[in-house]
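**Q** Got a file for you: input.txt, compact mmCIF, C-alpha atoms.
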```txt
# COMPACT_ATOMS: atom_id res chain seq x y z
CA MET L 1 -3.60 18.53 -35.69
CA ASP L 2 0.07 17.65 -35.61
CA ASP L 3 2.19 15.71 -33.13
CA THR L 4 5.45 17.34 -34.16
CA SER L 5 5.05 20.30 -31.80
CA VAL L 6 5.77 18.02 -28.85
CA ARG L 7 8.01 15.34 -30.34
CA ARG L 8 9.81 14.43 -33.54
CA SER L 9 8.07 12.60 -36.35
CA ARG L 10 9.30 9.54 -38.13
CA THR L 11 8.25 7.61 -41.25
CA ARG L 12 7.26 4.02 -40.60
CA SER L 13 5.77 2.93 -43.93
CA ALA L 14 8.26 0.08 -44.24
CA MET L 15 6.82 -1.51 -41.11
CA LEU L 16 3.21 -0.93 -42.06
CA PHE L 17 3.45 -2.80 -45.32
CA ALA L 18 5.73 -5.62 -44.22
CA VAL L 19 4.70 -9.14 -45.15
CA PRO L 20 2.39 -10.45 -42.40
CA VAL L 21 2.91 -13.67 -40.49
CA VAL L 22 0.32 -15.84 -38.78
CA LEU L 23 0.53 -16.44 -35.04
CA THR L 24 -1.66 -18.50 -32.77
CA LEU L 25 -2.50 -16.46 -29.69
CA THR L 26 -4.96 -17.63 -27.06
CA GLY L 27 -6.05 -16.25 -23.73
CA CYS L 28 -8.79 -14.98 -21.43
CA ILE L 29 -11.54 -12.64 -22.46
CA GLY L 30 -12.38 -9.61 -20.36
CA PRO L 31 -15.78 -7.90 -20.15
CA GLY L 32 -16.79 -6.39 -23.45
CA ALA L 33 -13.93 -8.03 -25.35
CA PRO L 34 -14.36 -9.19 -28.94
CA THR L 35 -14.48 -12.93 -29.48
CA PRO L 36 -10.86 -13.97 -30.05
CA ALA L 37 -9.81 -15.80 -33.17
CA SER L 38 -7.58 -18.80 -32.70
CA THR L 39 -5.39 -17.62 -35.57
CA VAL L 40 -4.26 -14.01 -35.65
CA THR L 41 -2.47 -12.27 -38.50
CA VAL L 42 -0.04 -9.59 -37.36
CA THR L 43 2.76 -7.66 -39.02
CA PRO L 44 6.27 -8.37 -37.71
CA THR L 45 8.28 -5.40 -36.51
CA ALA L 46 11.70 -6.66 -37.50
CA SER L 47 13.41 -9.41 -39.46
CA ALA L 48 15.18 -10.86 -36.43
CA ALA L 49 13.31 -13.94 -35.22
CA ALA L 50 12.50 -14.95 -31.66
CA PRO L 51 13.29 -18.54 -30.52
CA GLU L 52 11.20 -21.09 -32.34
CA GLY L 53 8.78 -23.41 -30.63
CA ALA L 54 8.41 -27.10 -31.36
CA ASP L 55 5.89 -26.40 -34.13
CA GLY L 56 8.31 -24.11 -35.97
CA GLY L 57 6.44 -20.96 -34.97
CA LEU L 58 7.53 -18.24 -32.60
CA ASP L 59 7.51 -19.31 -28.97
CA PRO L 60 5.16 -17.08 -26.93
CA ILE L 61 6.01 -16.02 -23.38
CA ALA L 62 2.40 -16.14 -22.17
CA ASP L 63 -1.17 -16.57 -23.37
CA VAL L 64 -2.36 -13.22 -24.75
CA ASP L 65 -5.74 -12.43 -26.29
CA ALA L 66 -4.74 -10.55 -29.44
CA GLU L 67 -6.98 -10.07 -32.45
CA VAL L 68 -7.00 -8.07 -35.66
CA ILE L 69 -10.38 -6.32 -35.89
CA GLU L 70 -11.78 -4.78 -39.05
CA HIS L 71 -13.56 -1.49 -38.42
CA ALA L 72 -14.49 1.41 -40.73
CA ASP L 73 -12.49 0.00 -43.65
CA ASN L 74 -9.36 -0.36 -41.55
CA ARG L 75 -7.68 -3.05 -39.51
CA TYR L 76 -6.54 -2.75 -35.90
CA LEU L 77 -4.48 -5.02 -33.71
CA VAL L 78 -6.29 -5.15 -30.35
CA VAL L 79 -4.81 -6.73 -27.22
CA THR L 80 -7.21 -7.54 -24.36
CA LEU L 81 -5.67 -7.59 -20.87
CA PRO L 82 -7.90 -8.71 -17.99
CA LEU L 83 -6.30 -7.31 -14.85
CA ASN L 84 -7.09 -10.52 -12.97
CA ASP L 85 -4.61 -12.20 -15.31
CA PHE L 86 -2.08 -9.48 -16.11
CA ASP L 87 -0.04 -6.90 -14.23
CA ILE L 88 0.51 -3.64 -16.14
CA SER L 89 3.60 -1.51 -15.58
CA ILE L 90 4.63 1.90 -16.92
CA ASP L 91 8.35 2.58 -16.86
CA TRP L 92 10.60 5.52 -17.66
CA ASP L 93 14.20 6.07 -16.63
CA PRO L 94 14.94 9.81 -16.26
CA GLY L 95 18.64 9.02 -16.49
CA ASP L 96 18.23 7.29 -19.86
CA PRO L 97 15.08 8.91 -21.21
CA GLY L 98 15.10 7.50 -24.75
CA THR L 99 14.39 3.75 -24.67
CA MET L 100 14.27 1.46 -27.69
CA LEU L 101 11.45 -1.07 -27.40
CA ARG L 102 13.76 -4.01 -28.05
CA ASP L 103 16.10 -2.83 -25.26
CA ALA L 104 13.17 -2.59 -22.87
CA LEU L 105 12.20 -6.16 -23.71
CA ALA L 106 15.78 -7.36 -23.38
CA ASP L 107 15.84 -5.86 -19.87
CA ASP L 108 12.42 -7.36 -19.08
CA PRO L 109 12.24 -10.78 -20.77
CA THR L 110 9.01 -11.78 -18.99
CA ALA L 111 6.98 -8.97 -20.61
CA ALA L 112 4.18 -10.43 -22.74
CA VAL L 113 3.03 -7.12 -24.29
CA ALA L 114 4.80 -3.78 -24.76
CA THR L 115 3.92 -0.42 -26.28
CA ASN L 116 5.05 3.20 -26.01
CA ALA L 117 3.37 5.11 -23.20
CA GLY L 118 2.44 8.44 -24.78
CA ILE L 119 3.56 11.68 -26.38
CA PHE L 120 6.87 13.15 -25.23
CA THR L 121 8.95 16.27 -25.77
CA GLU L 122 11.93 16.86 -28.02
CA GLN L 123 14.06 16.45 -24.90
CA LEU L 124 12.73 12.88 -24.56
CA VAL L 125 10.73 13.67 -21.45
CA PRO L 126 7.10 12.49 -21.09
CA GLY L 127 4.72 15.27 -22.12
CA GLY L 128 2.74 14.93 -18.93
CA LEU L 129 2.05 12.72 -15.94
CA LEU L 130 4.04 9.53 -15.54
CA VAL L 131 3.77 7.36 -12.43
CA SER L 132 5.84 4.19 -12.14
CA ASP L 133 5.40 1.74 -9.24
CA GLY L 134 3.64 4.42 -7.20
CA GLU L 135 6.32 7.09 -7.75
CA GLU L 136 5.39 10.24 -9.66
CA LEU L 137 8.26 10.89 -12.07
CA VAL L 138 6.55 13.66 -14.08
CA PRO L 139 3.63 15.76 -12.79
CA VAL L 140 0.31 16.15 -14.59
CA ASN L 141 0.48 18.77 -17.35
CA LEU L 142 -2.57 21.05 -17.73
CA ASN L 143 -0.79 23.79 -19.68
CA GLU L 144 -2.16 25.13 -22.95
CA GLY L 145 -0.22 24.48 -26.14
CA GLY L 146 -0.32 23.09 -29.66
CA GLY L 147 -0.32 19.58 -31.04
CA ASN L 148 -2.30 16.50 -30.14
CA PHE L 149 -1.23 16.39 -26.49
CA HIS L 150 -2.86 19.78 -25.79
CA LEU L 151 -6.05 19.11 -27.75
CA MET L 152 -8.24 19.32 -24.66
CA PRO L 153 -9.58 17.32 -23.09
CA ASN L 154 -6.56 15.11 -22.87
CA ALA L 155 -6.53 12.22 -20.41
CA VAL L 156 -4.70 10.04 -17.93
CA PHE L 157 -4.55 6.24 -18.02
CA ALA L 158 -4.13 5.05 -14.43
CA VAL L 159 -3.68 1.59 -12.94
CA TYR L 160 -4.66 0.89 -9.33
CA GLY L 161 -3.82 -2.82 -9.18
CA ASP L 162 -6.72 -5.02 -10.25
CA THR L 163 -8.57 -2.04 -11.75
CA ALA L 164 -7.70 0.78 -14.13
CA ALA L 165 -9.29 3.93 -15.50
CA VAL L 166 -9.01 6.57 -18.20
CA MET L 167 -10.06 10.04 -17.00
CA ASP L 168 -9.96 13.67 -18.02
CA SER L 169 -6.56 14.97 -16.89
CA ARG L 170 -8.31 17.77 -14.98
CA ASP L 171 -10.05 15.12 -12.85
CA TYR L 172 -6.91 13.17 -11.98
CA VAL L 173 -6.41 12.36 -8.29
CA PRO L 174 -3.22 10.50 -7.32
CA ASP L 175 -4.71 8.48 -4.45
CA GLY L 176 -4.04 4.77 -4.93
CA VAL L 177 -2.40 5.15 -8.37
CA LEU L 178 0.39 2.64 -8.99
CA GLN L 179 1.03 3.34 -12.68
CA ALA L 180 -0.09 6.22 -14.88
CA THR L 181 0.61 8.02 -18.14
CA GLN L 182 -0.90 11.17 -19.64
CA SER L 183 -1.36 11.83 -23.33
CA GLY L 184 -3.84 13.46 -25.64
CA PRO L 185 -6.31 13.89 -26.98
CA ALA L 186 -8.81 11.76 -25.09
CA LEU L 187 -10.60 9.51 -27.59
CA ILE L 188 -13.74 8.94 -25.49
CA LEU L 189 -14.77 10.13 -22.03
CA ASP L 190 -17.98 8.90 -20.39
CA GLY L 191 -19.04 7.45 -23.74
CA ASP L 192 -18.68 10.76 -25.61
CA ILE L 193 -16.26 11.11 -28.52
CA HIS L 194 -13.87 14.05 -28.31
CA PRO L 195 -15.77 17.17 -29.49
CA ASP L 196 -13.09 18.13 -32.04
CA PHE L 197 -13.19 14.81 -33.93
CA ASN L 198 -14.99 14.76 -37.28
CA GLU L 199 -16.40 11.71 -39.02
CA GLY L 200 -14.73 11.32 -42.42
CA SER L 201 -11.72 13.45 -41.44
CA THR L 202 -8.74 13.31 -43.79
CA ASN L 203 -6.30 13.77 -40.89
CA LEU L 204 -4.82 10.28 -41.20
CA ALA L 205 -1.98 8.61 -39.31
CA VAL L 206 -1.03 5.39 -37.61
CA ARG L 207 -2.56 5.66 -34.14
CA SER L 208 -2.17 3.75 -30.90
CA GLY L 209 -4.33 3.96 -27.81
CA VAL L 210 -5.50 2.49 -24.53
CA GLY L 211 -9.02 1.98 -23.24
CA VAL L 212 -10.59 0.51 -20.12
CA SER L 213 -13.79 -1.52 -19.78
CA PRO L 214 -16.69 0.16 -17.91
CA ASP L 215 -16.07 -2.02 -14.83
CA GLY L 216 -12.36 -1.06 -14.81
CA GLU L 217 -11.23 -4.68 -14.89
CA THR L 218 -9.95 -4.96 -18.48
CA VAL L 219 -7.45 -2.87 -20.45
CA TYR L 220 -7.46 -2.72 -24.25
CA LEU L 221 -4.35 -1.71 -26.18
CA ALA L 222 -4.82 -1.04 -29.89
CA ILE L 223 -2.86 0.16 -32.91
CA SER L 224 -4.04 0.75 -36.46
CA ARG L 225 -2.41 -1.39 -39.12
CA SER L 226 -2.59 1.50 -41.61
CA LEU L 227 -3.59 5.17 -41.60
CA THR L 228 -6.76 6.11 -39.72
CA ASN L 229 -8.46 9.24 -38.39
CA PHE L 230 -9.33 10.04 -34.80
CA TRP L 231 -13.07 9.50 -35.29
CA ASP L 232 -12.67 5.95 -36.58
CA PHE L 233 -10.11 5.13 -33.89
CA ALA L 234 -12.46 6.38 -31.18
CA THR L 235 -15.42 4.44 -32.57
CA LEU L 236 -13.30 1.27 -32.63
CA TYR L 237 -13.17 1.52 -28.85
CA ARG L 238 -16.80 2.57 -28.44
CA ASP L 239 -18.55 0.36 -30.99
CA GLU L 240 -16.34 -2.73 -31.23
CA LEU L 241 -14.96 -2.99 -27.69
CA GLY L 242 -17.78 -1.44 -25.63
CA VAL L 243 -15.38 1.06 -24.02
CA ASP L 244 -16.62 4.36 -22.54
CA ASP L 245 -13.18 5.85 -21.79
CA ALA L 246 -10.13 5.67 -24.05
CA LEU L 247 -6.95 7.65 -24.66
CA TYR L 248 -4.81 8.26 -27.73
CA LEU L 249 -1.20 7.38 -26.92
CA ASP L 250 0.77 8.43 -30.01
CA GLY L 251 0.93 8.41 -33.79
CA ASP L 252 3.24 7.23 -36.54
CA ILE L 253 6.14 6.34 -34.24
CA SER L 254 4.00 3.91 -32.22
CA SER L 255 4.52 0.19 -31.77
CA LEU L 256 2.51 -2.58 -30.15
CA TRP L 257 4.51 -5.74 -29.52
CA VAL L 258 2.87 -9.01 -28.48
CA THR L 259 4.69 -12.13 -27.37
CA GLY L 260 5.27 -14.38 -30.37
CA MET L 261 6.14 -11.50 -32.70
CA ASP L 262 9.65 -10.93 -33.96
CA GLU L 263 11.96 -8.71 -31.93
CA PRO L 264 11.15 -5.00 -32.33
CA GLY L 265 13.32 -3.23 -34.86
CA PRO L 266 15.36 -0.03 -35.20
CA LEU L 267 12.29 2.15 -35.84
CA ASP L 268 10.63 1.12 -32.56
CA GLY L 269 11.93 3.95 -30.41
CA PRO L 270 13.40 5.74 -28.71
CA TYR L 271 10.38 6.23 -26.46
CA SER L 272 9.98 8.08 -23.18
CA GLY L 273 7.84 5.65 -21.28
CA ILE L 274 6.96 2.02 -21.98
CA ILE L 275 3.76 0.19 -21.02
CA THR L 276 4.29 -3.53 -20.42
CA ALA L 277 2.01 -6.37 -19.39
CA HIS L 278 3.09 -9.48 -17.49
CA GLN L 279 1.01 -12.58 -16.95
CA LYS L 280 0.34 -13.18 -13.25
```
Once you've parsed the file, please lay out its structure as structure tokens.
**A**
Amino acid sequence: MDDTSVRRSRTRSAMLFAVPVVLTLTGCIGPGAPTPASTVTVTPTASAAAPEGADGGLDPIADVDAEVIEHADNRYLVVTLPLNDFDISIDWDPGDPGTMLRDALADDPTAAVATNAGIFTEQLVPGGLLVSDGEELVPVNLNEGGGNFHLMPNAVFAVYGDTAAVMDSRDYVPDGVLQATQSGPALILDGDIHPDFNEGSTNLAVRSGVGVSPDGETVYLAISRSLTNFWDFATLYRDELGVDDALYLDGDISSLWVTGMDEPGPLDGPYSGIITAHQK
């Protein structure tokens, strides 16, 4: 399986093995969330520093529950977003389709979390459905094709306000959807791992994803801190987070920025679609 049929690839090893820093990140726990650690080790995405707080550390915008979880001999940064506490937006500007993550944050300084929204084409257009503030900018894509996006079933991540869902793209109904993005493959649907995933697979990459708690009230964003396969990434959501429905967003080009990290760097983009979270 290869992402390059629907978008360009990029090497990000310099980011993956950067020297980690220690941040203190606190916040609310949603249903099924792992117990947060008071001290979280994350890898900075650039050398440029954010404004310093009184304690000499990076000054966070909001309280965010972020934790590095060890699973299947790998480490994953997991961000837990209870929708009672956070608004989630998905943005894409058709007039300026390729957006650097740091530019998105500069335009939206109140964002507490940001990540790329899914696989996109070589023309820097989202590969499938994208809904922003209730407006459908790109329709759902059920066409056959190659690459990860078309490894069926793929899925839609949709936000309705105080609830969210991940669903098979063939089951998507637009009623009440405020924000949505489509990518693929689905990691888990109704508790079942994608039928084409194999335990012990040597198909390894950095992977990012989004999952939703069974009650729809909590969103989990995750990214691997090193190379992982689809099976292990799916079981992170199922076994560690108690998630029944989760979606792969993208591979080696992915980023997951949390308030308190350094400013994203020159490898973080351009993306066609950005997911952001804002504390209510």
**Q** Between L:Gln179, L:Thr259, L:Gln279, L:Asn116, single out the one closest to Ser89 (chain L), counting all atoms listed in the file.
**A**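 Of L:Gln179, L:Thr259, L:Gln279, L:Asn116, the one nearest Ser89 (chain L) is L:Gln179, counting all atoms listed in the file.
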**Q** Taking all atoms listed in the file into account, name the residue in L:Val78, L:Leu130, L:Val64, L:Ala234 that is nearest to Asn198 (chain L).
**A**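 With all atoms listed in the file as the atom set, the closest residue is L:Ala234.
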**Q** Select, from L:Ala180, L:Val125, L:Ala117, L:Val79, the residue with the minimum atom-to-atom distance to Ser254 (chain L), counting all atoms listed in the file.
**A**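 Checking each of L:Ala180, L:Val125, L:Ala117, L:Val79 against Ser254 (chain L), counting all atoms listed in the file, the winner is L:Ala117.
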**Q** Smallest atom-to-atom distance to Ala165 (chain L): which of L:Val138, L:Ile275, L:Val177, L:Leu236, using only C-alpha atoms?
**A**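 Smallest distance to Ala165 (chain L) is found for L:Val177.
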**Q** Using only C-alpha atoms for the distances, tell me which of L:Glu67, L:Asn74, L:Pro126, L:Glu240 is nearest to Thr99 (chain L).
**A**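 Checking each candidate against Thr99 (chain L), we get L:Pro126 as the closest.
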**Q** One decimal, Å: what's the distance from CA of Asn143 (chain L) over to CA of Leu129 (chain L), could you say?
**A**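 CA of Asn143 (chain L) sits 12.0 Å away from CA of Leu129 (chain L).
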**Q** For Asp103 (chain L), list every protein, DNA or RNA residue within 12 Å, evaluated using all atoms listed in the file, and leave out those in the same chain fewer than 6 positions away; present the list as a list in words.
**A**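 The residues satisfying every condition are Asp96, Pro109, Ala111, Ala114, Glu263, Pro264, Gly265, Pro266, Asp268, Gly269, Pro270, Tyr271 and Ile274 of chain L.
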**Q** Just the selected residues (C-alpha atoms), exported as a PDB file, keeping the file's coordinate frame, please.
**A**
```
ATOM      1  CA  ASP L  96      18.230   7.290 -19.860  1.00  0.00           C
ATOM      2  CA  PRO L 109      12.240 -10.780 -20.770  1.00  0.00           C
ATOM      3  CA  ALA L 111       6.980  -8.970 -20.610  1.00  0.00           C
ATOM      4  CA  ALA L 114       4.800  -3.780 -24.760  1.00  0.00           C
ATOM      5  CA  GLU L 263      11.960  -8.710 -31.930  1.00  0.00           C
ATOM      6  CA  PRO L 264      11.150  -5.000 -32.330  1.00  0.00           C
ATOM      7  CA  GLY L 265      13.320  -3.230 -34.860  1.00  0.00           C
ATOM      8  CA  PRO L 266      15.360  -0.030 -35.200  1.00  0.00           C
ATOM      9  CA  ASP L 268      10.630   1.120 -32.560  1.00  0.00           C
ATOM     10  CA  GLY L 269      11.930   3.950 -30.410  1.00  0.00           C
ATOM     11  CA  PRO L 270      13.400   5.740 -28.710  1.00  0.00           C
ATOM     12  CA  TYR L 271      10.380   6.230 -26.460  1.00  0.00           C
ATOM     13  CA  ILE L 274       6.960   2.020 -21.980  1.00  0.00           C
TER      14      ILE L 274
END
```
**Q** What's around Leu247 (chain L) at 12 Å? Count all atoms listed in the file, leave out sequence neighbours fewer than 6 positions away in its own chain, and write the answer as a ChimeraX atom specification.
**A** /L:117-119,148-149,151-158,165-169,181-190,193-194,207-212,219-223,230,233-234,237-238
**Q** Enter the distance from CA of Gly191 (chain L) to CA of Gly146 (chain L), in Å, rounded to one decimal.
**A**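 Between CA of Gly191 (chain L) and CA of Gly146 (chain L) the gap is 25.1 Å.
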**Q** For Asp232 (chain L), which residue among L:Ala72, L:Met100, L:Val113, L:Ala246 is the nearest when counting all atoms listed in the file?
**A** L:Ala72
**Q** Could you name the residues that touch Ser224 (chain L) at 7 Å or less, counting all atoms listed in the file, but leaving out those on the same chain fewer than 3 positions away, as an mmCIF file with C-alpha atoms, keeping the file's coordinate frame?
**A**
```cif
data_model
loop_
_atom_site.group_PDB
_atom_site.id
_atom_site.type_symbol
_atom_site.label_atom_id
_atom_site.label_comp_id
_atom_site.auth_asym_id
_atom_site.auth_seq_id
_atom_site.Cartn_x
_atom_site.Cartn_y
_atom_site.Cartn_z
ATOM 1 C CA ARG L 75 -7.680 -3.050 -39.510
ATOM 2 C CA TYR L 76 -6.540 -2.750 -35.900
ATOM 3 C CA LEU L 77 -4.480 -5.020 -33.710
ATOM 4 C CA VAL L 206 -1.030 5.390 -37.610
ATOM 5 C CA ARG L 207 -2.560 5.660 -34.140
ATOM 6 C CA SER L 208 -2.170 3.750 -30.900
ATOM 7 C CA LEU L 227 -3.590 5.170 -41.600
ATOM 8 C CA THR L 228 -6.760 6.110 -39.720
#
```
